[in-house]
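Have a look at structure-v6.txt; it's compact mmCIF, C-alpha atoms and all ligand atoms:
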```txt
# COMPACT_ATOMS: atom_id res chain seq x y z
CA MET R 1 1.71 9.87 -14.12
CA LEU R 2 3.43 6.51 -13.94
CA ASN R 3 5.26 5.27 -16.99
CA SER R 4 4.33 7.77 -19.68
CA PRO R 5 5.38 7.17 -23.29
CA SER R 6 8.88 8.44 -23.86
CA ASP R 7 11.97 7.94 -25.93
CA VAL R 8 14.10 7.97 -22.78
CA PHE R 9 14.46 4.71 -20.93
CA MET R 10 15.31 3.36 -17.52
CA LYS R 11 15.99 -0.18 -16.35
CA VAL R 12 13.21 -2.22 -14.75
CA ALA R 13 12.91 -5.86 -13.70
CA ASN R 14 10.12 -7.33 -15.84
CA LEU R 15 8.27 -10.60 -15.45
CA THR R 16 8.51 -12.08 -18.95
CA ASP R 17 6.83 -15.47 -18.51
CA VAL R 18 5.96 -17.89 -15.70
CA ARG R 19 9.24 -18.01 -13.73
CA GLY R 20 10.85 -15.57 -16.18
CA ILE R 21 12.24 -12.25 -15.03
CA GLU R 22 14.64 -9.98 -16.94
CA ILE R 23 16.18 -6.54 -16.64
CA GLN R 24 14.65 -4.56 -19.52
CA ASP R 25 14.16 -0.98 -20.71
CA ALA R 26 10.97 0.86 -19.81
CA PRO R 27 9.92 4.43 -20.55
CA GLU R 28 11.43 6.89 -18.09
CA PRO R 29 8.67 7.91 -15.65
CA ARG R 30 8.04 11.67 -15.54
CA VAL R 31 6.38 14.22 -13.33
CA VAL R 32 3.25 15.07 -15.36
CA THR R 33 0.57 16.29 -12.95
CA PRO R 34 1.24 19.03 -10.33
CA ASN R 35 0.77 16.35 -7.65
CA ASP R 36 3.38 13.88 -8.96
CA VAL R 37 6.55 12.90 -7.13
CA LEU R 38 9.52 11.30 -8.88
CA ILE R 39 11.42 8.83 -6.70
CA GLU R 40 14.86 7.39 -7.30
CA MET R 41 14.47 3.85 -5.97
CA LYS R 42 16.96 2.58 -3.39
CA ARG R 43 15.34 -0.59 -2.07
CA VAL R 44 12.54 -2.90 -3.18
CA GLY R 45 11.48 -5.77 -0.93
CA VAL R 46 10.36 -9.02 -2.55
CA CYS R 47 6.82 -9.78 -1.36
CA GLY R 48 4.91 -13.05 -1.34
CA SER R 49 2.42 -11.50 -3.78
CA ASP R 50 5.27 -10.70 -6.22
CA ILE R 51 6.22 -14.37 -5.97
CA HIS R 52 2.65 -15.50 -6.73
CA TYR R 53 2.80 -13.42 -9.93
CA TYR R 54 6.25 -14.84 -10.69
CA THR R 55 5.43 -18.53 -10.19
CA ASP R 56 1.72 -18.62 -11.15
CA GLY R 57 1.35 -15.59 -13.43
CA ALA R 58 -1.71 -14.51 -11.44
CA ILE R 59 -3.37 -14.01 -8.08
CA GLY R 60 -7.06 -14.92 -8.47
CA SER R 61 -8.50 -12.85 -11.31
CA GLN R 62 -5.44 -10.57 -11.48
CA ILE R 63 -3.56 -12.07 -14.39
CA VAL R 64 -0.14 -10.87 -15.55
CA GLN R 65 0.15 -9.57 -19.12
CA TYR R 66 3.84 -9.87 -20.03
CA PRO R 67 6.14 -8.04 -19.83
CA TRP R 68 5.15 -6.82 -16.38
CA THR R 69 7.04 -4.87 -13.70
CA ALA R 70 6.38 -6.19 -10.19
CA GLY R 71 7.26 -4.67 -6.82
CA HIS R 72 5.46 -2.48 -4.30
CA GLU R 73 7.57 -2.53 -1.13
CA GLY R 74 9.85 0.36 -1.93
CA ALA R 75 11.96 3.13 -0.53
CA GLY R 76 13.91 5.87 -2.25
CA VAL R 77 14.82 9.54 -2.56
CA VAL R 78 12.62 12.27 -4.03
CA THR R 79 14.32 13.79 -7.08
CA GLU R 80 11.54 15.95 -8.55
CA VAL R 81 8.11 17.17 -7.44
CA GLY R 82 5.12 18.69 -9.26
CA ALA R 83 4.20 22.35 -8.75
CA ASP R 84 1.52 21.69 -6.10
CA VAL R 85 3.45 19.21 -3.96
CA THR R 86 4.08 20.38 -0.39
CA ARG R 87 4.09 17.05 1.43
CA VAL R 88 7.62 16.09 0.33
CA ASN R 89 10.66 17.93 -1.02
CA VAL R 90 13.49 17.06 -3.36
CA GLY R 91 16.10 15.12 -1.37
CA ASP R 92 13.62 13.62 1.11
CA ARG R 93 14.02 9.93 1.87
CA VAL R 94 10.61 8.30 1.54
CA ALA R 95 8.65 5.13 2.14
CA PHE R 96 5.43 4.85 0.20
CA ASP R 97 1.93 3.46 0.21
CA PRO R 98 1.63 1.59 -3.12
CA CYS R 99 -2.15 2.02 -3.24
CA ILE R 100 -3.24 5.01 -5.32
CA SER R 101 -6.84 5.89 -4.47
CA CYS R 102 -9.23 8.29 -6.19
CA GLY R 103 -10.11 10.30 -3.06
CA LYS R 104 -13.67 10.79 -4.33
CA CYS R 105 -15.61 7.50 -4.32
CA ASP R 106 -17.88 6.30 -1.49
CA GLN R 107 -15.07 4.21 -0.02
CA CYS R 108 -12.51 7.02 -0.04
CA VAL R 109 -15.04 9.46 1.44
CA ARG R 110 -15.71 6.95 4.23
CA GLY R 111 -12.02 6.73 5.06
CA ARG R 112 -11.56 3.40 3.28
CA ARG R 113 -9.02 4.39 0.65
CA HIS R 114 -7.66 0.82 0.66
CA THR R 115 -10.94 -0.42 -0.84
CA CYS R 116 -11.27 2.55 -3.21
CA ARG R 117 -13.49 1.62 -6.16
CA ARG R 118 -10.98 3.10 -8.61
CA GLN R 119 -7.73 2.25 -6.86
CA ILE R 120 -4.62 1.34 -8.73
CA PHE R 121 -1.94 -0.57 -6.91
CA LEU R 122 1.72 -0.58 -7.83
CA GLY R 123 2.82 -3.89 -9.32
CA CYS R 124 -0.75 -5.19 -9.57
CA PRO R 125 -1.55 -6.57 -13.05
CA GLY R 126 -3.96 -4.38 -15.02
CA GLN R 127 -3.45 -1.48 -12.60
CA ALA R 128 0.00 0.12 -12.40
CA PRO R 129 3.49 -1.18 -13.09
CA GLY R 130 5.53 -1.90 -9.97
CA CYS R 131 8.49 -0.06 -8.52
CA LEU R 132 11.13 -2.70 -9.25
CA GLY R 133 13.12 -0.34 -11.43
CA GLU R 134 15.38 2.67 -11.26
CA ARG R 135 12.65 5.28 -10.77
CA ALA R 136 8.93 5.55 -10.07
CA VAL R 137 6.34 8.31 -10.03
CA LEU R 138 3.65 8.43 -7.35
CA PRO R 139 1.04 10.98 -6.25
CA SER R 140 2.32 12.94 -3.26
CA GLU R 141 -0.24 11.55 -0.80
CA CYS R 142 1.33 8.09 -1.25
CA CYS R 143 4.76 9.36 -0.14
CA TYR R 144 5.88 9.37 3.51
CA VAL R 145 9.09 11.05 4.61
CA VAL R 146 11.04 8.79 6.97
CA PRO R 147 13.23 10.08 9.82
CA ASP R 148 17.03 9.89 9.54
CA SER R 149 17.06 7.04 12.05
CA LEU R 150 15.42 4.75 9.47
CA THR R 151 17.66 3.12 6.88
CA PHE R 152 16.36 2.50 3.35
CA ASP R 153 15.96 -1.14 4.37
CA ASP R 154 13.75 -0.04 7.28
CA ALA R 155 11.79 2.24 4.96
CA ALA R 156 11.11 -0.63 2.54
CA LEU R 157 9.85 -2.74 5.47
CA VAL R 158 7.26 -0.06 6.29
CA GLU R 159 4.80 -1.44 3.71
CA PRO R 160 4.60 -5.01 5.10
CA LEU R 161 4.70 -3.63 8.65
CA SER R 162 1.75 -1.35 7.89
CA ILE R 163 -0.28 -4.43 6.90
CA ALA R 164 0.46 -5.93 10.30
CA VAL R 165 -0.57 -2.65 11.98
CA HIS R 166 -3.87 -2.75 10.08
CA ALA R 167 -4.50 -6.41 10.97
CA VAL R 168 -3.85 -5.72 14.67
CA ASN R 169 -6.07 -2.62 14.52
CA LEU R 170 -8.90 -4.74 13.09
CA ALA R 171 -8.52 -7.16 16.02
CA ARG R 172 -8.95 -4.17 18.36
CA SER R 173 -6.90 -4.39 21.56
CA LEU R 174 -4.89 -7.55 22.19
CA ALA R 175 -4.01 -6.51 25.75
CA GLY R 176 -4.22 -9.49 28.07
CA LEU R 177 -5.47 -11.82 25.32
CA SER R 178 -4.19 -15.17 24.06
CA VAL R 179 -3.18 -14.77 20.45
CA GLY R 180 -2.25 -17.17 17.66
CA ILE R 181 -0.32 -16.30 14.51
CA LEU R 182 -0.34 -19.05 11.89
CA GLY R 183 2.48 -18.54 9.42
CA ALA R 184 5.82 -16.95 10.31
CA GLY R 185 6.74 -15.42 6.98
CA PRO R 186 7.44 -11.70 6.85
CA ILE R 187 3.77 -10.71 7.34
CA GLY R 188 3.29 -13.18 10.22
CA LEU R 189 6.49 -11.96 11.89
CA CYS R 190 5.51 -8.31 11.38
CA THR R 191 2.13 -9.15 12.94
CA LEU R 192 3.94 -10.75 15.88
CA ALA R 193 6.02 -7.58 16.37
CA VAL R 194 2.99 -5.27 16.28
CA ALA R 195 0.84 -7.62 18.42
CA LYS R 196 3.51 -7.66 21.15
CA VAL R 197 3.25 -3.86 21.49
CA ASP R 198 -0.36 -4.30 22.69
CA GLY R 199 0.68 -6.48 25.64
CA PRO R 200 -1.09 -9.79 24.92
CA ALA R 201 -1.03 -12.48 27.65
CA GLN R 202 0.69 -14.93 25.31
CA VAL R 203 1.41 -15.34 21.60
CA PHE R 204 1.59 -18.72 19.87
CA VAL R 205 3.16 -18.92 16.40
CA THR R 206 3.27 -21.80 13.94
CA ASP R 207 4.99 -22.46 10.62
CA LYS R 208 6.12 -25.41 8.49
CA ILE R 209 9.74 -24.25 8.25
CA ASP R 210 12.06 -24.64 11.25
CA ARG R 211 13.99 -21.46 10.36
CA ARG R 212 10.75 -19.50 10.59
CA VAL R 213 9.73 -21.18 13.85
CA ASP R 214 13.11 -20.07 15.25
CA ALA R 215 12.55 -16.57 13.84
CA ALA R 216 9.21 -16.40 15.66
CA ARG R 217 10.98 -17.18 18.94
CA GLN R 218 13.56 -14.53 18.11
CA GLY R 219 10.69 -12.13 17.43
CA GLY R 220 9.25 -12.68 20.90
CA ALA R 221 6.70 -15.50 20.51
CA ASP R 222 5.94 -17.15 23.86
CA TRP R 223 5.63 -20.47 22.07
CA ALA R 224 6.41 -21.52 18.50
CA GLY R 225 6.00 -24.89 16.78
CA ASN R 226 6.36 -26.61 13.43
CA THR R 227 2.96 -27.78 12.14
CA ASP R 228 4.60 -30.53 10.09
CA LYS R 229 6.40 -32.02 13.09
CA ILE R 230 4.06 -31.72 16.05
CA ASP R 231 0.32 -31.58 16.69
CA VAL R 232 0.24 -27.81 17.21
CA VAL R 233 -3.49 -27.75 17.99
CA ARG R 234 -3.07 -30.26 20.84
CA GLU R 235 0.07 -28.60 22.21
CA ILE R 236 -1.46 -25.13 22.20
CA ALA R 237 -4.64 -26.51 23.82
CA GLU R 238 -2.52 -27.96 26.65
CA LEU R 239 -0.80 -24.62 27.25
CA CYS R 240 -3.96 -22.56 26.80
CA PRO R 241 -7.00 -24.70 27.83
CA LEU R 242 -9.49 -21.85 27.33
CA GLN R 243 -8.28 -21.54 23.71
CA LEU R 244 -7.24 -18.46 21.79
CA ASP R 245 -9.05 -15.13 21.71
CA VAL R 246 -7.61 -13.97 18.39
CA VAL R 247 -5.93 -15.86 15.54
CA PHE R 248 -4.15 -14.16 12.64
CA GLU R 249 -4.10 -16.59 9.71
CA CYS R 250 -1.08 -15.50 7.68
CA THR R 251 -0.59 -18.42 5.27
CA GLY R 252 -3.72 -18.73 3.13
CA ASP R 253 -3.40 -22.54 3.46
CA GLN R 254 -6.50 -24.62 4.08
CA ASP R 255 -4.81 -26.62 6.87
CA ALA R 256 -3.99 -23.46 8.79
CA ILE R 257 -7.50 -22.09 8.33
CA ASP R 258 -8.90 -25.33 9.81
CA GLN R 259 -6.42 -25.12 12.70
CA ALA R 260 -7.40 -21.51 13.34
CA VAL R 261 -11.09 -22.36 13.68
CA THR R 262 -10.26 -25.24 16.05
CA LEU R 263 -7.85 -23.16 18.13
CA LEU R 264 -10.24 -20.24 18.70
CA ALA R 265 -12.25 -19.83 21.90
CA PRO R 266 -15.99 -19.09 21.71
CA GLY R 267 -16.44 -15.44 20.81
CA GLY R 268 -12.98 -15.36 19.27
CA THR R 269 -11.88 -13.51 16.18
CA LEU R 270 -10.23 -14.97 13.09
CA LEU R 271 -8.33 -12.52 10.92
CA LEU R 272 -7.63 -13.73 7.39
CA VAL R 273 -4.38 -12.07 6.35
CA GLY R 274 -2.78 -14.76 4.14
CA ILE R 275 -3.30 -14.92 0.38
CA PRO R 276 -4.35 -18.39 -0.84
CA GLY R 277 -2.01 -19.52 -3.61
CA GLY R 278 -3.34 -20.98 -6.86
CA HIS R 279 -7.00 -21.26 -5.83
CA ASN R 280 -9.92 -18.92 -5.14
CA ARG R 281 -11.82 -20.79 -2.46
CA ILE R 282 -11.25 -21.85 1.11
CA SER R 283 -13.61 -23.80 3.34
CA MET R 284 -14.49 -23.62 7.02
CA ASP R 285 -16.46 -25.83 9.38
CA ILE R 286 -19.62 -23.74 9.57
CA ASN R 287 -20.97 -25.63 12.60
CA LEU R 288 -17.81 -24.96 14.57
CA LEU R 289 -17.87 -21.32 13.50
CA ARG R 290 -21.54 -21.02 14.45
CA ARG R 291 -21.36 -22.80 17.80
CA LYS R 292 -18.39 -20.72 18.87
CA GLU R 293 -19.79 -17.57 17.26
CA ILE R 294 -16.45 -16.86 15.65
CA CYS R 295 -16.04 -13.47 14.00
CA VAL R 296 -14.23 -13.79 10.65
CA GLN R 297 -12.51 -10.62 9.56
CA ASN R 298 -10.78 -10.28 6.20
CA VAL R 299 -7.75 -8.02 6.05
CA ARG R 300 -7.18 -6.05 2.87
CA ARG R 301 -3.63 -4.69 2.89
CA GLN R 302 -3.68 -1.60 5.11
CA ASN R 303 -5.53 1.63 5.69
CA GLU R 304 -3.80 4.80 6.97
CA CYS R 305 -1.28 2.72 8.91
CA VAL R 306 1.96 3.94 7.29
CA ASP R 307 2.66 6.72 9.82
CA ARG R 308 2.14 4.31 12.70
CA ALA R 309 4.46 1.74 11.06
CA ILE R 310 7.18 4.40 10.66
CA ASP R 311 6.70 5.48 14.30
CA LEU R 312 6.92 1.90 15.57
CA ILE R 313 10.31 1.45 13.87
CA ALA R 314 11.64 4.92 14.73
CA SER R 315 10.67 4.61 18.41
CA GLY R 316 12.25 1.17 18.68
CA LYS R 317 8.94 -0.37 19.81
CA VAL R 318 9.31 -2.90 17.04
CA ASP R 319 12.58 -4.24 15.68
CA ILE R 320 12.07 -6.23 12.51
CA ARG R 321 15.58 -5.88 11.07
CA TYR R 322 16.09 -9.59 11.74
CA LEU R 323 13.72 -10.19 8.82
CA LEU R 324 16.35 -8.88 6.39
CA THR R 325 18.10 -12.13 5.60
CA HIS R 326 19.24 -11.42 2.03
CA HIS R 327 20.30 -8.49 -0.14
CA PHE R 328 20.70 -8.64 -3.91
CA PRO R 329 21.95 -6.06 -6.40
CA PHE R 330 19.28 -5.08 -8.93
CA ALA R 331 21.00 -7.09 -11.71
CA GLN R 332 20.41 -10.26 -9.65
CA THR R 333 16.67 -9.73 -9.14
CA ARG R 334 16.02 -13.15 -10.70
CA ASP R 335 18.15 -14.85 -8.00
CA ALA R 336 16.18 -13.02 -5.33
CA PHE R 337 12.84 -14.20 -6.77
CA GLU R 338 14.07 -17.79 -7.13
CA LEU R 339 15.37 -17.77 -3.55
CA VAL R 340 12.08 -16.51 -2.12
CA ALA R 341 9.95 -18.76 -4.37
CA GLY R 342 11.93 -21.80 -3.18
CA TYR R 343 11.96 -20.73 0.51
CA ARG R 344 15.70 -21.41 0.20
CA ASP R 345 18.61 -20.61 2.49
CA GLY R 346 16.41 -19.60 5.43
CA VAL R 347 15.08 -16.58 3.56
CA LEU R 348 12.64 -14.30 5.33
CA LYS R 349 12.81 -10.99 3.44
CA ALA R 350 14.99 -10.52 0.36
CA MET R 351 15.79 -6.91 -0.45
CA ILE R 352 16.81 -5.63 -3.91
CA GLU R 353 19.33 -2.78 -3.82
CA LEU R 354 19.18 -0.03 -6.46
CA GLY R 355 21.03 3.19 -7.09
ZN ZN N 401 3.75 -6.86 -0.13
ZN ZN N 402 -11.82 6.10 -4.22
```

Just give me the structure as C-alpha cells.
Amino acid sequence: MLNSPSDVFMKVANLTDVRGIEIQDAPEPRVVTPNDVLIEMKRVGVCGSDIHYYTDGAIGSQIVQYPWTAGHEGAGVVTEVGADVTRVNVGDRVAFDPCISCGKCDQCVRGRRHTCRRQIFLGCPGQAPGCLGERAVLPSECCYVVPDSLTFDDAALVEPLSIAVHAVNLARSLAGLSVGILGAGPIGLCTLAVAKVDGPAQVFVTDKIDRRVDAARQGGADWAGNTDKIDVVREIAELCPLQLDVVFECTGDQDAIDQAVTLLAPGGTLLLVGIPGGHNRISMDINLLRRKEICVQNVRRQNECVDRAIDLIASGKVDIRYLLTHHFPFAQTRDAFELVAGYRDGVLKAMIELG
C-alpha cells in the first residue's frame, strides 16, 4: 500500500523545511493488496492544515519529518485496482476520504471510523504521505465515484464539504434556528452552504478579511461583518436579541472562541471546527458556559459524510464553486502554498492541477 519501495519514481511536492516546498522524486505507488486502488491525481486542494505544516512544521504533536508530502483534498481517475476491488473500476473519476481506518477497533465497530484507534490519514506526519503528487494508492473503501456532472474541481471540494456536513450533522437540525459561523475560510463557507440547506431562521458570519466577509454574503449569509472593523457581538445582539442557538467556530482563534461563548443563547451549542494554530490550548469563560449551559462539541474531520457531500453538489443544493479562486499547475505548488499562507489576492481555495 501507499508508497512502497521501488526503483521507479513519480513526482511529488515535498515539504523540505519550514516554508520550503519542492517538486521531488518519490517511489511510484503500487497496487499491493487485493483491496488497493491506484489513482492518477487530477486535482489537489490546498487546505489550512497543509499550510500549518508548511509554515509551522507541525500541528500540535504531529510534527513533520522532512521531506514530507502534504495534501489530502484530492480527486483523480482510477488507473488500476486490486483483485478484490468491486467498489470502483479502472477509468472511474473519484473523490476520496483521506482517512484510512482499520475497520476492526472499538471505534470502527461503533461506526466512528474517523476516530479509529489505528487510523492513518493522508498527508498527516507520521501516518501516510499525502496525495500532492502524480499518483496515490488508497484502499477501495476510501474511494467514491463521482457523477459526470461533477468536475475534478468539484470532486476535490468534496473533502472540505464533507467536514461541513459532519459539523452540521453534529449540531442536529438547524431548521428555524439562529446560527453563527465565525470564520469565512473554505471550511466556514462550506459550513454556511450546508447549514443553509437545513433552513435556519438566520445565519450570521464573521471574518477578519473583507474579501471573505463578501464571500459569506455571496454564499447566502443573512448578515456578515468584519470582526476587526466593527463590534460584531454588539451588532449581532441588536439583530438577534435572544442570541444564537448554534455557533460554528471555524477559526481556532481565541478571540472568536470568546465571541462564540458570548453570542450563544442559554442552551446553545458551540461546535469547535477550527484548528488552533501554533498552540495547544484555548480558554473559555467557565462561568458563562455554566450559567448558559452551553454544549461544547468538538468536530473531528468527518464521518461517513462523503456520499452526502457528493449528493449536495450533484443536486445543486449547494454551490461552492465560488470558493475556487485560484488554480496552479503542479510545478507552481510553492506559489499556491505561499498565496494561501499569506491570505493574498483574495484567496479562498487554491487548487493544484495535475495530469
Ligand atoms: Zn483539509
Ligand atoms: Zn479502527

>> Taking 2 positions as the minimum chain separation for residues in the same chain, which residues sit within 9 Å of Gly180 of chain R when counting only C-alpha atoms? Answer as a list in words.
In response: Ser178, Leu182, Gln202, Val203, Phe204, Val205, Thr206, Leu244, Asp245, Val246, Val247, Phe248, Glu249, Ala260, Leu263 and Leu264 of chain R

> Using all atoms listed in the file, which protein or nucleic acid residues are at most 7 Å from ligand ZN 402 (chain N), as a list of chain:residue names?
Replying inline: R:Ser101, R:Cys102, R:Gly103, R:Lys104, R:Cys105, R:Asp106, R:Gln107, R:Cys108, R:Arg113, R:Cys116, R:Arg117, R:Arg118, R:Gln119

With 7 Å as the cut-off and all atoms listed in the file counted, what is the closest atom pair between each nearby residue of chain R and ligand ZN 401 (chain N)? Distances in Å to one decimal, ordered by chain and number, as JSON lines.
```
{"residue": "R:Cys47", "atom": "CA", "partner": "N:ZN401", "partner_atom": "ZN", "distance": 4.4}
{"residue": "R:Gly48", "atom": "CA", "partner": "N:ZN401", "partner_atom": "ZN", "distance": 6.4}
{"residue": "R:Ser49", "atom": "CA", "partner": "N:ZN401", "partner_atom": "ZN", "distance": 6.1}
{"residue": "R:His72", "atom": "CA", "partner": "N:ZN401", "partner_atom": "ZN", "distance": 6.3}
{"residue": "R:Glu73", "atom": "CA", "partner": "N:ZN401", "partner_atom": "ZN", "distance": 5.9}
{"residue": "R:Glu159", "atom": "CA", "partner": "N:ZN401", "partner_atom": "ZN", "distance": 6.7}
{"residue": "R:Pro160", "atom": "CA", "partner": "N:ZN401", "partner_atom": "ZN", "distance": 5.6}
```

> What is the atom CA of Leu174 of chain R-atom CA of Ile230 of chain R distance in Å, reported with one decimal?
Replying inline: 26.5 Å

> How many Å lie between atom CA of Asp153 of chain R and atom CA of Asn89 of chain R, rounded to one decimal?
Replying inline: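 So the two atoms, atom CA of Asp153 of chain R and atom CA of Asn89 of chain R, lie 20.5 Å apart.
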
>> Please compute the atom CA of Ile23 of chain R-atom CA of Arg334 of chain R distance, one decimal, in Å.
In response: 8.9 Å

>> I want to know what sits within 12 Å of Arg172 of chain R, based on all atoms listed in the file, with residues of the same chain fewer than 2 positions away left out; could you give that as a PyMOL selection string?
In response: chain R and resi 165-170+174-175+177+195+198+200+245-246+268-269+271+297

Selected residues written out, C-alpha atoms, as a short mmCIF file (atom, residue, chain, number, x, y, z; two decimals), keeping the file's coordinate frame:
```
data_model
loop_
_atom_site.label_atom_id
_atom_site.label_comp_id
_atom_site.auth_asym_id
_atom_site.auth_seq_id
_atom_site.Cartn_x
_atom_site.Cartn_y
_atom_site.Cartn_z
CA VAL R 165 -0.57 -2.65 11.98
CA HIS R 166 -3.87 -2.75 10.08
CA ALA R 167 -4.50 -6.41 10.97
CA VAL R 168 -3.85 -5.72 14.67
CA ASN R 169 -6.07 -2.62 14.52
CA LEU R 170 -8.90 -4.74 13.09
CA LEU R 174 -4.89 -7.55 22.19
CA ALA R 175 -4.01 -6.51 25.75
CA LEU R 177 -5.47 -11.82 25.32
CA ALA R 195 0.84 -7.62 18.42
CA ASP R 198 -0.36 -4.30 22.69
CA PRO R 200 -1.09 -9.79 24.92
CA ASP R 245 -9.05 -15.13 21.71
CA VAL R 246 -7.61 -13.97 18.39
CA GLY R 268 -12.98 -15.36 19.27
CA THR R 269 -11.88 -13.51 16.18
CA LEU R 271 -8.33 -12.52 10.92
CA GLN R 297 -12.51 -10.62 9.56
#
```

>> Measuring between all atoms listed in the file, which one of R:Leu354, R:Cys240, R:Ala201, R:Val261 shows the shortest distance to Lys11 of chain R?
In response: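 Between R:Leu354, R:Cys240, R:Ala201, R:Val261, the residue approaching Lys11 of chain R most closely is R:Leu354.
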
>> Residues within 9 Å of Arg301 of chain R, please, as a list in words. Count all atoms listed in the file; anything in the same chain fewer than 2 positions from it doesn't count.
In response: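 Here the answer would be His114, Pro160, Ser162, Ile163, Ala164, His166, Ala167, Val273, Val299 and Asn303 of chain R.
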
> Using all atoms listed in the file, which of R:Gln302, R:Thr191, R:Thr86, R:Thr325 sits nearest Val340 of chain R?
Replying inline: R:Thr325

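Taking all atoms listed in the file into account, Arg300 of chain R lies nearest to R:Gly274 out of the set R:Gly274, R:Gly342, R:Gly82, R:Pro125.
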
>> At a cut-off of 8 Å, using all atoms listed in the file, what residues contact Phe152 of chain R? Leave out same-chain residues fewer than 2 positions from it and give the result as a ChimeraX atom specification.
In response: /R:42-43,75-76,93,150,154-156

> Can you list, as a list in words, every protein, DNA or RNA residue that comes within 6 Å of segment 132-139 of chain R when you count only C-alpha atoms, leaving out same-chain residues fewer than 4 positions away?
Replying inline: Leu2, Lys11, Val12, Ala13, Asn35, Asp36, Val37, Leu38, Ile39, Glu40, Met41, Ala70 and Gly71 of chain R

> With only C-alpha atoms as the atoms that count, which of R:Ile181, R:Cys142, R:Ile257, R:Val158 lies nearest to Val318 of chain R?
Replying inline: R:Val158

Quick one: contact table of segment 279-340 of chain R to segment 24-30 of chain R, 12 Å max, nearest atom pair and distance in Å to one decimal per residue, counting all atoms listed in the file, chain and number order, as a tab-separated table?
```
residue	atom	partner	partner_atom	distance
R:Phe330	CA	R:Gln24	CA	11.6
R:Ala331	CA	R:Gln24	CA	10.4
R:Thr333	CA	R:Gln24	CA	11.8
```

>> Calculated over only C-alpha atoms, which of the candidates R:Phe121, R:Leu192, R:Thr262, R:Ile209 has the smallest distance to Asn287 of chain R?
In response: R:Thr262

> So which one's closest to Asp335 of chain R, R:Gly185, R:Gly20, R:Pro266, R:Gly126? Using all atoms listed in the file, please.
Replying inline: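 Once distances to Asp335 of chain R are computed over all atoms listed in the file, the minimum belongs to R:Gly20.
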
How would segment 174-186 of chain R look with N, CA and C atoms restored, written as a short mmCIF file (atom, residue, chain, number, x, y, z; two decimals), in the frame of the given file?
```cif
data_model
loop_
_atom_site.label_atom_id
_atom_site.label_comp_id
_atom_site.auth_asym_id
_atom_site.auth_seq_id
_atom_site.Cartn_x
_atom_site.Cartn_y
_atom_site.Cartn_z
N LEU R 174 -5.31 -6.18 21.85
CA LEU R 174 -4.89 -7.55 22.19
C LEU R 174 -4.41 -7.63 23.63
N ALA R 175 -4.52 -6.54 24.37
CA ALA R 175 -4.01 -6.51 25.75
C ALA R 175 -4.62 -7.63 26.58
N GLY R 176 -3.77 -8.43 27.18
CA GLY R 176 -4.22 -9.49 28.07
C GLY R 176 -4.81 -10.71 27.38
N LEU R 177 -4.84 -10.72 26.05
CA LEU R 177 -5.47 -11.82 25.32
C LEU R 177 -4.46 -12.90 24.92
N SER R 178 -5.00 -14.09 24.62
CA SER R 178 -4.19 -15.17 24.06
C SER R 178 -4.33 -15.13 22.55
N VAL R 179 -3.19 -15.06 21.88
CA VAL R 179 -3.18 -14.77 20.45
C VAL R 179 -2.43 -15.87 19.70
N GLY R 180 -2.95 -16.25 18.54
CA GLY R 180 -2.25 -17.17 17.66
C GLY R 180 -1.88 -16.48 16.36
N ILE R 181 -0.72 -16.78 15.84
CA ILE R 181 -0.32 -16.30 14.51
C ILE R 181 0.12 -17.52 13.72
N LEU R 182 -0.64 -17.86 12.68
CA LEU R 182 -0.34 -19.05 11.89
C LEU R 182 0.38 -18.61 10.63
N GLY R 183 1.64 -18.98 10.54
CA GLY R 183 2.48 -18.54 9.42
C GLY R 183 3.48 -17.50 9.91
N ALA R 184 4.76 -17.85 9.82
CA ALA R 184 5.82 -16.95 10.31
C ALA R 184 6.69 -16.49 9.15
N GLY R 185 6.05 -16.15 8.04
CA GLY R 185 6.74 -15.42 6.98
C GLY R 185 6.83 -13.96 7.39
N PRO R 186 7.29 -13.11 6.48
CA PRO R 186 7.44 -11.70 6.85
C PRO R 186 6.17 -11.06 7.41
#
```
